[in-house]
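Working notes, beginning with the structure itself.
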Amino acid sequence: MASIESIRFAERFNGITGSAIREILKYMTRPNMISFGGGNPAASALEEDVIADIARDVLRSDGKRILQYGATDGYAPYKEAVAGWVKELGIDCSAQDVLPVTGSTQGIDLLAKALIDPGDVVLVESPTFLGTLQAFKLYQAKLVPVATDEGGIVLSDLERLVREHHPKMLYVIPTFQNPTGRTLAADRRKPIAEMAEKYGFVVMEDDPYRDLRYAGEALPSIKSYDKAGWVVHMASFSKLISPGLRIGAAIVQEPIRQKMIFGKQANDVHSSNLTQAIVAAYLERGLMGPHVEAICKSYALQMNRMLEHLASFPDTRYTHPQGGLFIWAELPEGIDTLEMMPKAIDRGVAYVPGTHFYCEEGTHRNTLRLNFSNSTLEKIDEGMDILRSVVCEELKQR
Ligand SMILES: Cc1ncc(COP(=O)(O)O)c(C=O)c1O
């Protein structure tokens, strides 16, 4: 009899320890926990009545098509609606270029599946979204960090690394980046698209936060400068309408599109027709503009309140985002946010230790990511007071 302990898993899982965020989400369900972890929209941003009405309407008008198997490349009204919506980003695409995905998480996975063989180099911002780091690791990519500053990716470092490593892909979150909240400078966007074509690597432009802007002007996407199809743009409705609907879109041209479709066929056949129909109707009815305006108003207040608190943290540097859901903080050298975490949790506050966002594991241990969208102003006051006192106690013990 073989013991289940002797099971031989695929090598791709070596070194995969599970998402740190999932671990932290566990704490969110504790009563009275103030969570600055996660990246959830506010409960007040989720419009259950609006969505229920739309769901009933679309089922009544197109129920037989919605409830049947659909095409892998998507539900036609959704593709049309999304092609129109991304025009505002300067992306001039046809409905054909819109590949619905089950959350941009699936888009990231499909593009990785299409491109990465074990050992292939993928360039990533340093730091970057830990969910994507995990997805790339599952394809056994060699992750190489690119230096970033206030304006995002440093172009000279990018070009140096491209020449040295001949990467398959660059992964970039251009607007209100996760985890830092920073935005890729306007004058770095076109050069990235040009570099991709010059050297022949794919740019995965992951832009779920773009519309959550509280200050400054919207910037053109990297994809808007793409002439030859080297840039794949990932859009998501998770942060705008609902993460539970699990719907997003990859804006992608041939020949990459066909490979992603093959990958998707083996994955979930197609994204839910019902969710595609709901989002299509939501966009067609012009509900997005007023909704985004309303949520941005309250998120801006929440962000500013958190920034005010950070100003009184000892020797702490932090980003001043113009939008998104996150602030990134660097505590005094010597404080270890991973070790500090259980103490903060005991006092009822959760955050994400910054080290999880680096591909060089265990580094940058004095950093942390704070989410403000999912806490009321009162909870931000209470939680930040607690966090400050936890930090001060850590400092005393150094
Ligand atoms: C940068 C980034 N990409 C992708 C995702 C995943 O989004 P989705 O819900 O569309 O799968 C997130 C979610 O937090 C994110 O921050």
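Residues are named by chain letter and number: chains run A, B, ... in the order of the structure tokens, numbers start at 1 in each chain, and ligands are numbered from 1 in the order shown.
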Could you list, as a PDB file with all heavy atoms, in the first residue's frame, all residues that come within 7 Å of ligand 1? Count only C-alpha atoms and all ligand atoms.
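The result, stored in part39.pdb:
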```
ATOM      1  N   GLY A  39      -7.033  43.327  -1.274  1.00  0.00           N
ATOM      2  CA  GLY A  39      -7.186  44.432  -2.237  1.00  0.00           C
ATOM      3  C   GLY A  39      -8.661  44.520  -2.615  1.00  0.00           C
ATOM      4  O   GLY A  39      -8.986  44.761  -3.773  1.00  0.00           O
ATOM      5  N   THR A 102     -11.410  34.871 -17.200  1.00  0.00           N
ATOM      6  CA  THR A 102     -12.088  34.692 -15.923  1.00  0.00           C
ATOM      7  C   THR A 102     -11.270  35.401 -14.837  1.00  0.00           C
ATOM      8  O   THR A 102     -10.568  34.782 -14.055  1.00  0.00           O
ATOM      9  CB  THR A 102     -12.288  33.181 -15.671  1.00  0.00           C
ATOM     10  OG1 THR A 102     -12.998  32.663 -16.810  1.00  0.00           O
ATOM     11  CG2 THR A 102     -13.124  32.915 -14.437  1.00  0.00           C
ATOM     12  N   GLY A 103     -11.356  36.720 -14.837  1.00  0.00           N
ATOM     13  CA  GLY A 103     -10.483  37.552 -14.010  1.00  0.00           C
ATOM     14  C   GLY A 103      -9.174  37.743 -14.756  1.00  0.00           C
ATOM     15  O   GLY A 103      -8.751  36.860 -15.540  1.00  0.00           O
ATOM     16  N   SER A 104      -8.507  38.902 -14.541  1.00  0.00           N
ATOM     17  CA  SER A 104      -7.234  39.068 -15.255  1.00  0.00           C
ATOM     18  C   SER A 104      -6.223  38.034 -14.779  1.00  0.00           C
ATOM     19  O   SER A 104      -5.256  37.731 -15.482  1.00  0.00           O
ATOM     20  CB  SER A 104      -6.681  40.489 -15.120  1.00  0.00           C
ATOM     21  OG  SER A 104      -6.655  40.897 -13.799  1.00  0.00           O
ATOM     22  N   THR A 105      -6.456  37.436 -13.605  1.00  0.00           N
ATOM     23  CA  THR A 105      -5.617  36.321 -13.143  1.00  0.00           C
ATOM     24  C   THR A 105      -5.518  35.255 -14.233  1.00  0.00           C
ATOM     25  O   THR A 105      -4.440  34.721 -14.498  1.00  0.00           O
ATOM     26  CB  THR A 105      -6.234  35.688 -11.870  1.00  0.00           C
ATOM     27  OG1 THR A 105      -6.289  36.692 -10.864  1.00  0.00           O
ATOM     28  CG2 THR A 105      -5.440  34.501 -11.379  1.00  0.00           C
ATOM     29  N   GLN A 106      -6.653  34.954 -14.881  1.00  0.00           N
ATOM     30  CA  GLN A 106      -6.592  33.935 -15.935  1.00  0.00           C
ATOM     31  C   GLN A 106      -5.835  34.452 -17.161  1.00  0.00           C
ATOM     32  O   GLN A 106      -5.097  33.702 -17.793  1.00  0.00           O
ATOM     33  CB  GLN A 106      -8.006  33.494 -16.359  1.00  0.00           C
ATOM     34  CG  GLN A 106      -7.925  32.317 -17.312  1.00  0.00           C
ATOM     35  CD  GLN A 106      -9.260  31.944 -17.909  1.00  0.00           C
ATOM     36  OE1 GLN A 106     -10.004  32.782 -18.401  1.00  0.00           O
ATOM     37  NE2 GLN A 106      -9.589  30.663 -17.841  1.00  0.00           N
ATOM     38  N   PHE A 129       3.274  42.576  -8.077  1.00  0.00           N
ATOM     39  CA  PHE A 129       2.132  41.827  -7.533  1.00  0.00           C
ATOM     40  C   PHE A 129       2.498  40.374  -7.282  1.00  0.00           C
ATOM     41  O   PHE A 129       2.910  39.664  -8.193  1.00  0.00           O
ATOM     42  CB  PHE A 129       0.968  41.935  -8.530  1.00  0.00           C
ATOM     43  CG  PHE A 129      -0.245  41.133  -8.178  1.00  0.00           C
ATOM     44  CD1 PHE A 129      -0.765  41.129  -6.885  1.00  0.00           C
ATOM     45  CD2 PHE A 129      -0.902  40.392  -9.144  1.00  0.00           C
ATOM     46  CE1 PHE A 129      -1.898  40.398  -6.569  1.00  0.00           C
ATOM     47  CE2 PHE A 129      -2.044  39.661  -8.842  1.00  0.00           C
ATOM     48  CZ  PHE A 129      -2.531  39.661  -7.551  1.00  0.00           C
ATOM     49  N   ILE A 173       2.778  46.728 -14.287  1.00  0.00           N
ATOM     50  CA  ILE A 173       1.484  47.253 -13.812  1.00  0.00           C
ATOM     51  C   ILE A 173       1.633  48.775 -13.883  1.00  0.00           C
ATOM     52  O   ILE A 173       2.235  49.388 -12.999  1.00  0.00           O
ATOM     53  CB  ILE A 173       1.200  46.807 -12.359  1.00  0.00           C
ATOM     54  CG1 ILE A 173       1.322  45.291 -12.227  1.00  0.00           C
ATOM     55  CG2 ILE A 173      -0.181  47.284 -11.892  1.00  0.00           C
ATOM     56  CD1 ILE A 173       1.484  44.801 -10.797  1.00  0.00           C
ATOM     57  N   GLN A 177       0.331  51.136  -9.191  1.00  0.00           N
ATOM     58  CA  GLN A 177       0.867  49.780  -9.170  1.00  0.00           C
ATOM     59  C   GLN A 177       0.566  49.050  -7.859  1.00  0.00           C
ATOM     60  O   GLN A 177       0.495  49.671  -6.787  1.00  0.00           O
ATOM     61  CB  GLN A 177       2.396  49.870  -9.391  1.00  0.00           C
ATOM     62  CG  GLN A 177       3.041  48.589  -9.860  1.00  0.00           C
ATOM     63  CD  GLN A 177       4.084  48.084  -8.887  1.00  0.00           C
ATOM     64  OE1 GLN A 177       4.087  48.454  -7.708  1.00  0.00           O
ATOM     65  NE2 GLN A 177       4.981  47.234  -9.362  1.00  0.00           N
ATOM     66  N   ASN A 178       0.391  47.751  -7.963  1.00  0.00           N
ATOM     67  CA  ASN A 178       0.298  46.882  -6.802  1.00  0.00           C
ATOM     68  C   ASN A 178       1.672  46.260  -6.634  1.00  0.00           C
ATOM     69  O   ASN A 178       2.125  45.572  -7.540  1.00  0.00           O
ATOM     70  CB  ASN A 178      -0.759  45.790  -7.074  1.00  0.00           C
ATOM     71  CG  ASN A 178      -0.947  44.859  -5.910  1.00  0.00           C
ATOM     72  OD1 ASN A 178      -0.301  44.993  -4.880  1.00  0.00           O
ATOM     73  ND2 ASN A 178      -1.857  43.897  -6.068  1.00  0.00           N
ATOM     74  N   ASP A 206      -0.596  45.013 -17.247  1.00  0.00           N
ATOM     75  CA  ASP A 206      -1.693  44.601 -16.355  1.00  0.00           C
ATOM     76  C   ASP A 206      -2.225  45.860 -15.667  1.00  0.00           C
ATOM     77  O   ASP A 206      -1.549  46.444 -14.826  1.00  0.00           O
ATOM     78  CB  ASP A 206      -1.095  43.598 -15.338  1.00  0.00           C
ATOM     79  CG  ASP A 206      -2.146  43.017 -14.418  1.00  0.00           C
ATOM     80  OD1 ASP A 206      -3.348  43.132 -14.723  1.00  0.00           O
ATOM     81  OD2 ASP A 206      -1.753  42.438 -13.380  1.00  0.00           O
ATOM     82  N   ASP A 207      -3.452  46.272 -16.038  1.00  0.00           N
ATOM     83  CA  ASP A 207      -3.889  47.627 -15.659  1.00  0.00           C
ATOM     84  C   ASP A 207      -5.258  47.671 -14.950  1.00  0.00           C
ATOM     85  O   ASP A 207      -6.143  48.433 -15.354  1.00  0.00           O
ATOM     86  CB  ASP A 207      -3.935  48.475 -16.945  1.00  0.00           C
ATOM     87  CG  ASP A 207      -3.597  49.944 -16.693  1.00  0.00           C
ATOM     88  OD1 ASP A 207      -3.245  50.291 -15.555  1.00  0.00           O
ATOM     89  OD2 ASP A 207      -3.699  50.739 -17.646  1.00  0.00           O
ATOM     90  N   PRO A 208      -5.417  46.892 -13.855  1.00  0.00           N
ATOM     91  CA  PRO A 208      -6.757  46.828 -13.255  1.00  0.00           C
ATOM     92  C   PRO A 208      -7.166  48.073 -12.460  1.00  0.00           C
ATOM     93  O   PRO A 208      -8.335  48.233 -12.139  1.00  0.00           O
ATOM     94  CB  PRO A 208      -6.662  45.618 -12.314  1.00  0.00           C
ATOM     95  CG  PRO A 208      -5.219  45.526 -11.956  1.00  0.00           C
ATOM     96  CD  PRO A 208      -4.463  46.013 -13.163  1.00  0.00           C
ATOM     97  N   SER A 236      -9.545  44.486 -16.191  1.00  0.00           N
ATOM     98  CA  SER A 236     -10.332  43.707 -15.229  1.00  0.00           C
ATOM     99  C   SER A 236     -11.480  44.544 -14.705  1.00  0.00           C
ATOM    100  O   SER A 236     -11.339  45.753 -14.514  1.00  0.00           O
ATOM    101  CB  SER A 236      -9.432  43.284 -14.066  1.00  0.00           C
ATOM    102  OG  SER A 236     -10.218  42.711 -13.042  1.00  0.00           O
ATOM    103  N   PHE A 237     -12.606  43.884 -14.454  1.00  0.00           N
ATOM    104  CA  PHE A 237     -13.730  44.588 -13.829  1.00  0.00           C
ATOM    105  C   PHE A 237     -13.793  44.328 -12.321  1.00  0.00           C
ATOM    106  O   PHE A 237     -14.724  44.764 -11.650  1.00  0.00           O
ATOM    107  CB  PHE A 237     -15.043  44.196 -14.525  1.00  0.00           C
ATOM    108  CG  PHE A 237     -15.080  44.695 -15.948  1.00  0.00           C
ATOM    109  CD1 PHE A 237     -14.822  43.847 -17.003  1.00  0.00           C
ATOM    110  CD2 PHE A 237     -15.299  46.040 -16.216  1.00  0.00           C
ATOM    111  CE1 PHE A 237     -14.803  44.319 -18.320  1.00  0.00           C
ATOM    112  CE2 PHE A 237     -15.279  46.525 -17.520  1.00  0.00           C
ATOM    113  CZ  PHE A 237     -15.039  45.666 -18.567  1.00  0.00           C
ATOM    114  N   SER A 238     -12.782  43.612 -11.800  1.00  0.00           N
ATOM    115  CA  SER A 238     -12.812  43.245 -10.378  1.00  0.00           C
ATOM    116  C   SER A 238     -12.810  44.460  -9.455  1.00  0.00           C
ATOM    117  O   SER A 238     -13.511  44.477  -8.455  1.00  0.00           O
ATOM    118  CB  SER A 238     -11.599  42.381 -10.032  1.00  0.00           C
ATOM    119  OG  SER A 238     -11.726  41.117 -10.619  1.00  0.00           O
ATOM    120  N   PRO A 243     -15.191  41.805  -7.879  1.00  0.00           N
ATOM    121  CA  PRO A 243     -14.217  40.721  -8.074  1.00  0.00           C
ATOM    122  C   PRO A 243     -14.901  39.358  -8.122  1.00  0.00           C
ATOM    123  O   PRO A 243     -14.410  38.427  -8.746  1.00  0.00           O
ATOM    124  CB  PRO A 243     -13.286  40.835  -6.863  1.00  0.00           C
ATOM    125  CG  PRO A 243     -14.038  41.617  -5.835  1.00  0.00           C
ATOM    126  CD  PRO A 243     -15.055  42.452  -6.555  1.00  0.00           C
ATOM    127  N   ARG A 246     -15.751  37.629 -11.444  1.00  0.00           N
ATOM    128  CA  ARG A 246     -14.604  36.997 -12.108  1.00  0.00           C
ATOM    129  C   ARG A 246     -14.624  37.242 -13.617  1.00  0.00           C
ATOM    130  O   ARG A 246     -14.758  36.305 -14.416  1.00  0.00           O
ATOM    131  CB  ARG A 246     -14.540  35.470 -11.836  1.00  0.00           C
ATOM    132  CG  ARG A 246     -14.552  35.026 -10.412  1.00  0.00           C
ATOM    133  CD  ARG A 246     -13.461  35.634  -9.548  1.00  0.00           C
ATOM    134  NE  ARG A 246     -12.110  35.449 -10.031  1.00  0.00           N
ATOM    135  CZ  ARG A 246     -11.241  36.460 -10.143  1.00  0.00           C
ATOM    136  NH1 ARG A 246     -11.566  37.698  -9.810  1.00  0.00           N
ATOM    137  NH2 ARG A 246     -10.024  36.232 -10.554  1.00  0.00           N
ATOM    138  N   ILE A 247     -14.510  38.489 -13.996  1.00  0.00           N
ATOM    139  CA  ILE A 247     -14.476  38.765 -15.437  1.00  0.00           C
ATOM    140  C   ILE A 247     -13.505  39.905 -15.752  1.00  0.00           C
ATOM    141  O   ILE A 247     -13.442  40.906 -15.028  1.00  0.00           O
ATOM    142  CB  ILE A 247     -15.891  39.032 -16.012  1.00  0.00           C
ATOM    143  CG1 ILE A 247     -15.891  39.010 -17.531  1.00  0.00           C
ATOM    144  CG2 ILE A 247     -16.516  40.306 -15.480  1.00  0.00           C
ATOM    145  CD1 ILE A 247     -15.724  37.660 -18.143  1.00  0.00           C
ATOM    146  N   GLY A 248     -12.756  39.696 -16.806  1.00  0.00           N
ATOM    147  CA  GLY A 248     -11.810  40.687 -17.302  1.00  0.00           C
ATOM    148  C   GLY A 248     -11.641  40.449 -18.789  1.00  0.00           C
ATOM    149  O   GLY A 248     -12.435  39.733 -19.418  1.00  0.00           O
TER     150      GLY A 248
END
```
Item to complete: Would you please extract all helix (DSSP H, G or I) residues from region 150-233 of chain A, as assigned by DSSP on the backbone, and give them as number ranges by chain?
Response: A: 155-165, 186-199, 222-225
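CA of Val279 (chain A) is found 18.1 Å from CA of Ala294 (chain A).
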Write out as JSON, numbers by chain all residues of region 237-302 of chain A that backbone DSSP assigns to strand (DSSP E).
-> {"A": [248, 249, 250, 251]}
Write a file of the selected residues as a short mmCIF file (atom, residue, chain, number, x, y, z; two decimals), in the first residue's frame, keeping N, CA and C atoms.
```cif
data_model
loop_
_atom_site.label_atom_id
_atom_site.label_comp_id
_atom_site.auth_asym_id
_atom_site.auth_seq_id
_atom_site.Cartn_x
_atom_site.Cartn_y
_atom_site.Cartn_z
N GLY A 248 -12.76 39.70 -16.81
CA GLY A 248 -11.81 40.69 -17.30
C GLY A 248 -11.64 40.45 -18.79
N ALA A 249 -10.61 41.04 -19.36
CA ALA A 249 -10.37 40.85 -20.80
C ALA A 249 -8.90 41.04 -21.11
N ALA A 250 -8.40 40.20 -22.01
CA ALA A 250 -7.06 40.44 -22.57
C ALA A 250 -7.28 41.10 -23.92
N ILE A 251 -6.57 42.20 -24.17
CA ILE A 251 -6.61 42.82 -25.49
C ILE A 251 -5.36 42.32 -26.20
#
```
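CA of Ser271 (chain A) is found 24.0 Å from CA of Val292 (chain A).
In terms of minimum interatomic distance to Leu368 (chain A), A:Phe36 ranks closest within A:Thr132, A:Phe36, A:Ser61, A:Asp346, counting only C-alpha atoms.
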Could you give me, as a PDB file with all heavy atoms, in the first residue's frame, the residues within 12 Å of Pro290 (chain A), counting only C-alpha atoms and dropping anything in the same chain fewer than 6 positions from it?
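Okay, this is what ended up in selection.pdb:
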```
ATOM      1  N   ALA A  45     -19.210  49.578  -2.481  1.00  0.00           N
ATOM      2  CA  ALA A  45     -18.967  49.721  -3.931  1.00  0.00           C
ATOM      3  C   ALA A  45     -19.618  48.585  -4.723  1.00  0.00           C
ATOM      4  O   ALA A  45     -19.613  48.615  -5.948  1.00  0.00           O
ATOM      5  CB  ALA A  45     -17.463  49.729  -4.195  1.00  0.00           C
ATOM      6  N   ASP A 211      -8.714  53.130 -13.702  1.00  0.00           N
ATOM      7  CA  ASP A 211      -9.832  54.076 -13.599  1.00  0.00           C
ATOM      8  C   ASP A 211     -10.037  54.609 -12.186  1.00  0.00           C
ATOM      9  O   ASP A 211     -10.852  55.508 -11.984  1.00  0.00           O
ATOM     10  CB  ASP A 211     -11.115  53.414 -14.091  1.00  0.00           C
ATOM     11  CG  ASP A 211     -11.029  53.156 -15.582  1.00  0.00           C
ATOM     12  OD1 ASP A 211     -10.470  52.114 -15.970  1.00  0.00           O
ATOM     13  OD2 ASP A 211     -11.452  54.023 -16.349  1.00  0.00           O
ATOM     14  N   LEU A 240     -13.605  47.501 -10.271  1.00  0.00           N
ATOM     15  CA  LEU A 240     -14.571  48.529 -10.673  1.00  0.00           C
ATOM     16  C   LEU A 240     -16.009  48.093 -10.401  1.00  0.00           C
ATOM     17  O   LEU A 240     -16.801  48.866  -9.854  1.00  0.00           O
ATOM     18  CB  LEU A 240     -14.405  48.845 -12.171  1.00  0.00           C
ATOM     19  CG  LEU A 240     -13.005  49.306 -12.584  1.00  0.00           C
ATOM     20  CD1 LEU A 240     -12.935  49.473 -14.095  1.00  0.00           C
ATOM     21  CD2 LEU A 240     -12.637  50.619 -11.888  1.00  0.00           C
ATOM     22  N   ILE A 241     -16.350  46.859 -10.799  1.00  0.00           N
ATOM     23  CA  ILE A 241     -17.734  46.390 -10.604  1.00  0.00           C
ATOM     24  C   ILE A 241     -17.796  45.335  -9.493  1.00  0.00           C
ATOM     25  O   ILE A 241     -18.517  45.510  -8.515  1.00  0.00           O
ATOM     26  CB  ILE A 241     -18.334  45.823 -11.911  1.00  0.00           C
ATOM     27  CG1 ILE A 241     -18.265  46.869 -13.042  1.00  0.00           C
ATOM     28  CG2 ILE A 241     -19.781  45.392 -11.672  1.00  0.00           C
ATOM     29  CD1 ILE A 241     -18.785  46.366 -14.390  1.00  0.00           C
ATOM     30  N   TYR A 282     -24.026  46.517 -18.391  1.00  0.00           N
ATOM     31  CA  TYR A 282     -23.593  47.578 -17.453  1.00  0.00           C
ATOM     32  C   TYR A 282     -22.903  48.697 -18.221  1.00  0.00           C
ATOM     33  O   TYR A 282     -23.174  49.882 -18.015  1.00  0.00           O
ATOM     34  CB  TYR A 282     -22.654  46.949 -16.419  1.00  0.00           C
ATOM     35  CG  TYR A 282     -22.332  47.818 -15.228  1.00  0.00           C
ATOM     36  CD1 TYR A 282     -23.064  47.716 -14.051  1.00  0.00           C
ATOM     37  CD2 TYR A 282     -21.269  48.733 -15.262  1.00  0.00           C
ATOM     38  CE1 TYR A 282     -22.761  48.496 -12.943  1.00  0.00           C
ATOM     39  CE2 TYR A 282     -20.971  49.514 -14.169  1.00  0.00           C
ATOM     40  CZ  TYR A 282     -21.715  49.388 -13.011  1.00  0.00           C
ATOM     41  OH  TYR A 282     -21.410  50.171 -11.917  1.00  0.00           O
ATOM     42  N   LEU A 283     -22.022  48.298 -19.139  1.00  0.00           N
ATOM     43  CA  LEU A 283     -21.304  49.303 -19.943  1.00  0.00           C
ATOM     44  C   LEU A 283     -22.258  49.985 -20.924  1.00  0.00           C
ATOM     45  O   LEU A 283     -22.245  51.207 -21.059  1.00  0.00           O
ATOM     46  CB  LEU A 283     -20.144  48.645 -20.699  1.00  0.00           C
ATOM     47  CG  LEU A 283     -18.970  48.139 -19.854  1.00  0.00           C
ATOM     48  CD1 LEU A 283     -17.996  47.332 -20.705  1.00  0.00           C
ATOM     49  CD2 LEU A 283     -18.232  49.280 -19.169  1.00  0.00           C
ATOM     50  N   CYS A 296     -14.568  56.625  -6.456  1.00  0.00           N
ATOM     51  CA  CYS A 296     -13.304  57.372  -6.364  1.00  0.00           C
ATOM     52  C   CYS A 296     -13.399  58.443  -5.267  1.00  0.00           C
ATOM     53  O   CYS A 296     -12.420  58.700  -4.567  1.00  0.00           O
ATOM     54  CB  CYS A 296     -12.947  58.024  -7.693  1.00  0.00           C
ATOM     55  SG  CYS A 296     -12.237  56.845  -8.859  1.00  0.00           S
ATOM     56  N   LYS A 297     -14.576  59.030  -5.141  1.00  0.00           N
ATOM     57  CA  LYS A 297     -14.748  60.073  -4.117  1.00  0.00           C
ATOM     58  C   LYS A 297     -14.457  59.504  -2.733  1.00  0.00           C
ATOM     59  O   LYS A 297     -13.712  60.081  -1.948  1.00  0.00           O
ATOM     60  CB  LYS A 297     -16.201  60.590  -4.162  1.00  0.00           C
ATOM     61  CG  LYS A 297     -16.292  62.042  -4.543  1.00  0.00           C
ATOM     62  CD  LYS A 297     -17.709  62.533  -4.472  1.00  0.00           C
ATOM     63  CE  LYS A 297     -17.926  63.453  -5.657  1.00  0.00           C
ATOM     64  NZ  LYS A 297     -19.320  63.614  -6.004  1.00  0.00           N
TER      65      LYS A 297
END
```
Margin query: Just checking: using only C-alpha atoms, which residue out of A:His364, A:Arg12, A:Arg65, A:Arg182 ends up closest to Phe326 (chain A)?
Written below: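 Of all the options, A:Arg182 lies closest to Phe326 (chain A).
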Got a sec: who's within 10 Å of Val86 (chain A), counting only C-alpha atoms, leaving out chain neighbours fewer than 3 positions off, as a PyMOL selection string? chain A and resi 81-83+89-93+98+221+224+233+235+251
The residue from A:Tyr139, A:Glu48, A:Ile327, A:Ser126 with the smallest atom-to-atom distance to Asp157 (chain A), counting only C-alpha atoms, is A:Ser126
Looking at only C-alpha atoms, which of A:Arg317, A:Arg213, A:Lys113, A:Lys223 is the one that sits closest to Ala266 (chain A)?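 Counting only C-alpha atoms, the residue closest to Ala266 (chain A) is A:Lys113.
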Q: Please indicate the distance in Å from CA of Leu161 (chain A) to CA of Val122 (chain A), rounded to one decimal place.
A: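 CA of Val122 (chain A) lies 10.3 Å from CA of Leu161 (chain A).
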**Asked** For Asp117 (chain A), which of A:Leu130, A:Ile345, A:Leu138, A:Leu310 is the closest residue, counting only C-alpha atoms?
**Response**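 Among the listed residues, A:Leu138 lies closest to Asp117 (chain A).
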Between A:Ala135, A:Ala196, A:Val231, A:Leu245, smallest distance to Glu47 (chain A) by only C-alpha atoms belongs to A:Leu245
- With a distance cut-off of 10 Å and only C-alpha atoms, select the neighbouring residues of Thr376 (chain A), excluding the residue or stretch itself and same-chain residues fewer than 5 positions from it, and output the selection as a list in words.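 Once the adjacent positions are removed, what remains is Ile34, Ala42, Ser298, Tyr299, Leu301, Gln302, Arg305, Asp381 and Glu382 of chain A.
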Those same residues - N, CA, C and O atoms - I'd like them written as an mmCIF file, in the first residue's frame.
```cif
data_model
loop_
_atom_site.group_PDB
_atom_site.id
_atom_site.type_symbol
_atom_site.label_atom_id
_atom_site.label_comp_id
_atom_site.auth_asym_id
_atom_site.auth_seq_id
_atom_site.Cartn_x
_atom_site.Cartn_y
_atom_site.Cartn_z
ATOM 1 N N ILE A 34 -9.268 44.709 11.775
ATOM 2 C CA ILE A 34 -9.170 45.800 10.796
ATOM 3 C C ILE A 34 -8.152 45.346 9.763
ATOM 4 O O ILE A 34 -6.978 45.160 10.090
ATOM 5 N N ALA A 42 -14.572 48.285 -1.438
ATOM 6 C CA ALA A 42 -15.438 48.497 -0.275
ATOM 7 C C ALA A 42 -16.758 47.769 -0.500
ATOM 8 O O ALA A 42 -17.221 47.657 -1.646
ATOM 9 N N SER A 298 -15.064 58.358 -2.420
ATOM 10 C CA SER A 298 -14.843 57.833 -1.070
ATOM 11 C C SER A 298 -13.454 57.221 -0.925
ATOM 12 O O SER A 298 -12.805 57.385 0.121
ATOM 13 N N TYR A 299 -12.926 56.560 -1.959
ATOM 14 C CA TYR A 299 -11.577 55.994 -1.841
ATOM 15 C C TYR A 299 -10.532 57.109 -1.636
ATOM 16 O O TYR A 299 -9.552 56.926 -0.909
ATOM 17 N N LEU A 301 -10.933 59.912 -0.049
ATOM 18 C CA LEU A 301 -10.968 60.316 1.362
ATOM 19 C C LEU A 301 -10.250 59.293 2.232
ATOM 20 O O LEU A 301 -9.472 59.646 3.126
ATOM 21 N N GLN A 302 -10.491 58.020 1.931
ATOM 22 C CA GLN A 302 -9.860 56.958 2.727
ATOM 23 C C GLN A 302 -8.339 56.979 2.559
ATOM 24 O O GLN A 302 -7.590 56.861 3.533
ATOM 25 N N ARG A 305 -6.851 59.961 4.387
ATOM 26 C CA ARG A 305 -6.838 59.764 5.836
ATOM 27 C C ARG A 305 -5.673 58.855 6.236
ATOM 28 O O ARG A 305 -4.954 59.113 7.197
ATOM 29 N N ASP A 381 -8.687 55.265 11.213
ATOM 30 C CA ASP A 381 -8.164 55.973 12.403
ATOM 31 C C ASP A 381 -7.728 54.965 13.463
ATOM 32 O O ASP A 381 -6.605 55.014 13.971
ATOM 33 N N GLU A 382 -8.628 54.041 13.744
ATOM 34 C CA GLU A 382 -8.358 53.078 14.821
ATOM 35 C C GLU A 382 -7.169 52.188 14.462
ATOM 36 O O GLU A 382 -6.225 52.022 15.252
#
```
